[in-house]
$ cat data_6.pdb   # PDB, C-alpha atoms
ATOM      1  CA  ARG D   1       8.569  -4.983   0.302  1.00  0.00           C
ATOM      2  CA  ALA D   2       6.894  -8.043  -1.129  1.00  0.00           C
ATOM      3  CA  GLY D   3       7.091 -11.706  -0.305  1.00  0.00           C
ATOM      4  CA  PHE D   4       5.244 -14.778   0.838  1.00  0.00           C
ATOM      5  CA  ALA D   5       3.755 -15.369   4.286  1.00  0.00           C
ATOM      6  CA  THR D   6       6.162 -18.256   4.898  1.00  0.00           C
ATOM      7  CA  ASP D   7       9.290 -16.198   4.064  1.00  0.00           C
ATOM      8  CA  VAL D   8      11.444 -14.941   6.932  1.00  0.00           C
ATOM      9  CA  VAL D   9      12.322 -11.789   4.979  1.00  0.00           C
ATOM     10  CA  PRO D  10      10.635 -10.157   1.966  1.00  0.00           C
ATOM     11  CA  THR D  11      11.587 -11.699  -1.376  1.00  0.00           C
ATOM     12  CA  ALA D  12      11.418  -8.420  -3.297  1.00  0.00           C
ATOM     13  CA  ARG D  13      12.169  -4.855  -2.296  1.00  0.00           C
ATOM     14  CA  ILE D  14      10.680  -2.151  -4.504  1.00  0.00           C
ATOM     15  CA  ILE D  15      11.897   1.426  -4.180  1.00  0.00           C
ATOM     16  CA  PRO D  16       9.093   3.793  -5.231  1.00  0.00           C
ATOM     17  CA  SER D  17       9.854   7.228  -6.634  1.00  0.00           C
ATOM     18  CA  LEU D  18       8.342  10.108  -4.711  1.00  0.00           C
ATOM     19  CA  GLN D  19       8.071  12.018  -8.006  1.00  0.00           C
ATOM     20  CA  ASP D  20       5.288   9.598  -8.955  1.00  0.00           C
ATOM     21  CA  LEU D  21       3.279  11.026  -6.045  1.00  0.00           C
ATOM     22  CA  ASP D  22       3.368  14.664  -7.177  1.00  0.00           C
ATOM     23  CA  GLN D  23      -0.073  16.305  -7.095  1.00  0.00           C
ATOM     24  CA  ILE D  24      -2.012  13.237  -5.917  1.00  0.00           C
ATOM     25  CA  ASP D  25      -2.417  14.295  -2.337  1.00  0.00           C
ATOM     26  CA  VAL D  26      -4.152  16.950  -0.315  1.00  0.00           C
ATOM     27  CA  LYS D  27      -1.682  18.839   1.848  1.00  0.00           C
ATOM     28  CA  LEU D  28      -2.311  21.031   4.856  1.00  0.00           C
ATOM     29  CA  GLU D  29       0.645  23.058   6.135  1.00  0.00           C
ATOM     30  CA  GLY D  30       3.062  20.841   4.194  1.00  0.00           C
ATOM     31  CA  GLN D  31       1.723  17.525   5.480  1.00  0.00           C
ATOM     32  CA  VAL D  32      -0.230  14.950   3.510  1.00  0.00           C
ATOM     33  CA  VAL D  33      -3.797  14.932   4.818  1.00  0.00           C
ATOM     34  CA  GLU D  34      -5.237  12.430   2.344  1.00  0.00           C
ATOM     35  CA  PHE D  35      -4.532  10.814  -1.003  1.00  0.00           C
ATOM     36  CA  LYS D  36      -6.968  11.712  -3.793  1.00  0.00           C
ATOM     37  CA  ALA D  37      -8.531   8.880  -5.780  1.00  0.00           C
ATOM     38  CA  THR D  38      -7.163   9.971  -9.133  1.00  0.00           C
ATOM     39  CA  ASP D  39      -6.106   7.672 -11.950  1.00  0.00           C
ATOM     40  CA  LYS D  40      -2.523   8.829 -11.418  1.00  0.00           C
ATOM     41  CA  ALA D  41      -2.653   7.806  -7.764  1.00  0.00           C
ATOM     42  CA  VAL D  42      -4.166   4.395  -8.523  1.00  0.00           C
ATOM     43  CA  ASN D  43      -1.618   3.872 -11.304  1.00  0.00           C
ATOM     44  CA  TYR D  44       1.131   4.548  -8.756  1.00  0.00           C
ATOM     45  CA  TYR D  45       0.023   1.525  -6.698  1.00  0.00           C
ATOM     46  CA  SER D  46      -0.648  -0.581  -9.805  1.00  0.00           C
ATOM     47  CA  LYS D  47       2.869   0.007 -11.123  1.00  0.00           C
ATOM     48  CA  HIS D  48       4.438  -1.339  -7.934  1.00  0.00           C
ATOM     49  CA  ILE D  49       2.018  -4.251  -7.653  1.00  0.00           C
ATOM     50  CA  ASN D  50       2.936  -5.253 -11.230  1.00  0.00           C
ATOM     51  CA  GLU D  51       6.611  -5.136 -10.308  1.00  0.00           C
ATOM     52  CA  ALA D  52       6.038  -7.267  -7.193  1.00  0.00           C
ATOM     53  CA  LEU D  53       4.016  -9.856  -9.137  1.00  0.00           C
ATOM     54  CA  THR D  54       6.786 -10.095 -11.735  1.00  0.00           C
ATOM     55  CA  ARG D  55       9.569 -10.460  -9.179  1.00  0.00           C
ATOM     56  CA  LEU D  56       7.650 -13.044  -7.156  1.00  0.00           C
ATOM     57  CA  LYS D  57       6.562 -14.917 -10.295  1.00  0.00           C
ATOM     58  CA  VAL D  58       2.956 -15.292  -9.155  1.00  0.00           C
ATOM     59  CA  ASN D  59      -0.364 -15.269 -10.957  1.00  0.00           C
ATOM     60  CA  PRO D  60      -2.751 -12.782  -9.300  1.00  0.00           C
ATOM     61  CA  ARG D  61      -5.760 -14.974 -10.159  1.00  0.00           C
ATOM     62  CA  THR D  62      -4.423 -17.660  -7.797  1.00  0.00           C
ATOM     63  CA  THR D  63      -3.149 -15.219  -5.164  1.00  0.00           C
ATOM     64  CA  ASP D  64      -4.568 -13.584  -2.037  1.00  0.00           C
ATOM     65  CA  LEU D  65      -3.237 -10.057  -1.494  1.00  0.00           C
ATOM     66  CA  LEU D  66      -2.507  -8.388   1.842  1.00  0.00           C
ATOM     67  CA  LEU D  67      -1.748  -4.711   1.276  1.00  0.00           C
ATOM     68  CA  SER D  68      -0.579  -2.320   3.974  1.00  0.00           C
ATOM     69  CA  LEU D  69      -1.948   1.187   3.632  1.00  0.00           C
ATOM     70  CA  PRO D  70      -1.019   4.543   5.135  1.00  0.00           C
ATOM     71  CA  GLN D  71      -3.134   5.703   8.071  1.00  0.00           C
ATOM     72  CA  LYS D  72      -4.599   8.700   6.257  1.00  0.00           C
ATOM     73  CA  MET D  73      -5.802   7.026   3.062  1.00  0.00           C
ATOM     74  CA  ALA D  74      -9.210   8.341   1.993  1.00  0.00           C
ATOM     75  CA  GLU D  75     -12.115   5.894   1.708  1.00  0.00           C
ATOM     76  CA  ASP D  76     -12.798   6.815  -1.942  1.00  0.00           C
ATOM     77  CA  TYR D  77      -9.168   6.068  -2.786  1.00  0.00           C
ATOM     78  CA  ARG D  78      -9.373   2.668  -1.097  1.00  0.00           C
ATOM     79  CA  ALA D  79     -12.618   1.896  -2.960  1.00  0.00           C
ATOM     80  CA  ARG D  80     -11.070   2.849  -6.326  1.00  0.00           C
ATOM     81  CA  LEU D  81      -7.937   0.822  -5.579  1.00  0.00           C
ATOM     82  CA  THR D  82     -10.080  -2.197  -4.628  1.00  0.00           C
ATOM     83  CA  GLU D  83     -11.965  -1.921  -7.909  1.00  0.00           C
ATOM     84  CA  VAL D  84      -8.724  -1.835  -9.912  1.00  0.00           C
ATOM     85  CA  LEU D  85      -7.164  -4.744  -8.005  1.00  0.00           C
ATOM     86  CA  PHE D  86     -10.128  -7.036  -8.554  1.00  0.00           C
ATOM     87  CA  GLU D  87     -11.036  -5.973 -12.104  1.00  0.00           C
ATOM     88  CA  ASN D  88      -7.543  -5.542 -13.588  1.00  0.00           C
ATOM     89  CA  TYR D  89      -5.678  -8.254 -11.696  1.00  0.00           C
ATOM     90  CA  GLY D  90      -8.340 -10.686 -10.518  1.00  0.00           C
ATOM     91  CA  PHE D  91      -6.868 -11.391  -7.076  1.00  0.00           C
ATOM     92  CA  GLN D  92      -8.723 -14.155  -5.216  1.00  0.00           C
ATOM     93  CA  SER D  93      -9.077 -11.982  -2.134  1.00  0.00           C
ATOM     94  CA  LEU D  94      -7.825  -8.674  -0.821  1.00  0.00           C
ATOM     95  CA  PHE D  95      -7.081  -7.626   2.754  1.00  0.00           C
ATOM     96  CA  TYR D  96      -6.105  -4.092   3.738  1.00  0.00           C
ATOM     97  CA  VAL D  97      -4.229  -3.627   6.969  1.00  0.00           C
ATOM     98  CA  SER D  98      -2.914  -0.452   8.565  1.00  0.00           C
ATOM     99  CA  GLN D  99       0.836  -0.040   8.797  1.00  0.00           C
ATOM    100  CA  PRO D 100       0.837   0.479  12.608  1.00  0.00           C
ATOM    101  CA  LEU D 101      -1.062  -2.796  13.088  1.00  0.00           C
ATOM    102  CA  LEU D 102       1.558  -4.645  11.031  1.00  0.00           C
ATOM    103  CA  ALA D 103       4.309  -2.996  13.076  1.00  0.00           C
ATOM    104  CA  SER D 104       2.777  -4.238  16.331  1.00  0.00           C
ATOM    105  CA  TYR D 105       2.255  -7.788  15.026  1.00  0.00           C
ATOM    106  CA  SER D 106       5.794  -7.978  13.614  1.00  0.00           C
ATOM    107  CA  SER D 107       7.074  -7.036  17.079  1.00  0.00           C
ATOM    108  CA  GLY D 108       5.068  -9.850  18.631  1.00  0.00           C
ATOM    109  CA  TYR D 109       2.413  -7.662  20.271  1.00  0.00           C
ATOM    110  CA  THR D 110      -1.330  -7.697  19.774  1.00  0.00           C
ATOM    111  CA  ASN D 111      -1.918  -4.754  22.103  1.00  0.00           C
ATOM    112  CA  CYS D 112       0.523  -1.850  22.090  1.00  0.00           C
ATOM    113  CA  LEU D 113       1.023   1.826  21.310  1.00  0.00           C
ATOM    114  CA  VAL D 114       2.670   2.463  17.946  1.00  0.00           C
ATOM    115  CA  VAL D 115       4.338   5.803  17.258  1.00  0.00           C
ATOM    116  CA  ASP D 116       4.831   6.075  13.499  1.00  0.00           C
ATOM    117  CA  SER D 117       7.275   8.897  12.856  1.00  0.00           C
ATOM    118  CA  GLY D 118       8.072   9.509   9.217  1.00  0.00           C
ATOM    119  CA  TYR D 119       9.519  12.122   6.906  1.00  0.00           C
ATOM    120  CA  SER D 120       6.563  14.481   6.930  1.00  0.00           C
ATOM    121  CA  ASN D 121       4.391  13.513   9.912  1.00  0.00           C
ATOM    122  CA  THR D 122       3.992  11.468  13.062  1.00  0.00           C
ATOM    123  CA  GLY D 123       0.976   9.298  13.838  1.00  0.00           C
ATOM    124  CA  ILE D 124       0.054   7.632  17.128  1.00  0.00           C
TER     125      ILE D 124
END
$ encode --input "data_6.pdb" --output "structure tokens"
Amino acid sequence: RAGFATDVVPTARIIPSLQDLDQIDVKLEGQVVEFKATDKAVNYYSKHINEALTRLKVNPRTTDLLLSLPQKMAEDYRARLTEVLFENYGFQSLFYVSQPLLASYSSGYTNCLVVDSGYSNTGI
């Protein structure tokens, strides 16, 4: 989902294809342990960021980006993604936030326990 901080609901909803994620992760017993910092993986994020920028009609050079990331994202992947976002897009600033933290803030809590139960794993 993408939108502006002042919007009540996201302006754009982007449905990613899970096929784009094939072979970009490290799995242990069928669960994603970490994303690898491959060009294919970085291109996956770039594709959806391009779509969001187009739908929102914003110029990245005059935009600050807040990007929520999965809990198990590897540090080298985050570093590569940061490099691409600044060099290819030229965002003014970039802030990464974990998805559980956003869930707690959106519920109005600054201190809580978040149980994130998804398709392939559960994180606490």
$ residues_around --input "data_6.pdb" --residues "region 75-91 of chain D" --least-positions-apart "5" --cutoff "6 Å" --atoms "all atoms listed in the file" --output "number ranges by chain"
D: 37, 42, 60-61, 63-64
$ write_last_selection --input "data_6.pdb" --atoms "C-alpha atoms" --output "short mmCIF file (atom, residue, chain, number, x, y, z; two decimals), in the frame of the given file"
data_model
loop_
_atom_site.label_atom_id
_atom_site.label_comp_id
_atom_site.auth_asym_id
_atom_site.auth_seq_id
_atom_site.Cartn_x
_atom_site.Cartn_y
_atom_site.Cartn_z
CA ALA D 37 -8.53 8.88 -5.78
CA VAL D 42 -4.17 4.39 -8.52
CA PRO D 60 -2.75 -12.78 -9.30
CA ARG D 61 -5.76 -14.97 -10.16
CA THR D 63 -3.15 -15.22 -5.16
CA ASP D 64 -4.57 -13.58 -2.04
#
$ atom_distance --input "data_6.pdb" --atom1 "CA of Tyr96 (chain D)" --atom2 "CA of Ala2 (chain D)"
14.4 Å
$ atom_distance --input "data_6.pdb" --atom1 "CA of Ser46 (chain D)" --atom2 "CA of Pro100 (chain D)"
22.5 Å
$ atom_distance --input "data_6.pdb" --atom1 "CA of Met73 (chain D)" --atom2 "CA of Tyr45 (chain D)"
12.6 Å
$ resolve_selection --input "data_6.pdb" --expression "the PyMOL selection byres ((chain D and resi 13) around 12)" --output "list in words"
Arg1, Ala2, Gly3, Val9, Pro10, Thr11, Ala12, Ile14, Ile15, Pro16, His48, Ile49, Glu51, Ala52, Leu53, Arg55 and Leu56 of chain D
$ write_last_selection --input "data_6.pdb" --atoms "C-alpha atoms" --output "compact mmCIF listing (two decimals), in the coordinates of the input"
# COMPACT_ATOMS: atom_id res chain seq x y z
CA ARG D 1 8.57 -4.98 0.30
CA ALA D 2 6.89 -8.04 -1.13
CA GLY D 3 7.09 -11.71 -0.30
CA VAL D 9 12.32 -11.79 4.98
CA PRO D 10 10.64 -10.16 1.97
CA THR D 11 11.59 -11.70 -1.38
CA ALA D 12 11.42 -8.42 -3.30
CA ILE D 14 10.68 -2.15 -4.50
CA ILE D 15 11.90 1.43 -4.18
CA PRO D 16 9.09 3.79 -5.23
CA HIS D 48 4.44 -1.34 -7.93
CA ILE D 49 2.02 -4.25 -7.65
CA GLU D 51 6.61 -5.14 -10.31
CA ALA D 52 6.04 -7.27 -7.19
CA LEU D 53 4.02 -9.86 -9.14
CA ARG D 55 9.57 -10.46 -9.18
CA LEU D 56 7.65 -13.04 -7.16
$ resolve_selection --input "data_6.pdb" --expression "the PyMOL selection byres ((chain D and resi 115) around 12)" --output "PyMOL selection string"
chain D and resi 71+99-101+103-104+112-114+116-118+121-124
$ residues_around --input "data_6.pdb" --residues "Ser98 (chain D)" --least-positions-apart "6" --cutoff "9 Å" --atoms "only C-alpha atoms" --output "ChimeraX atom specification"
/D:67-71
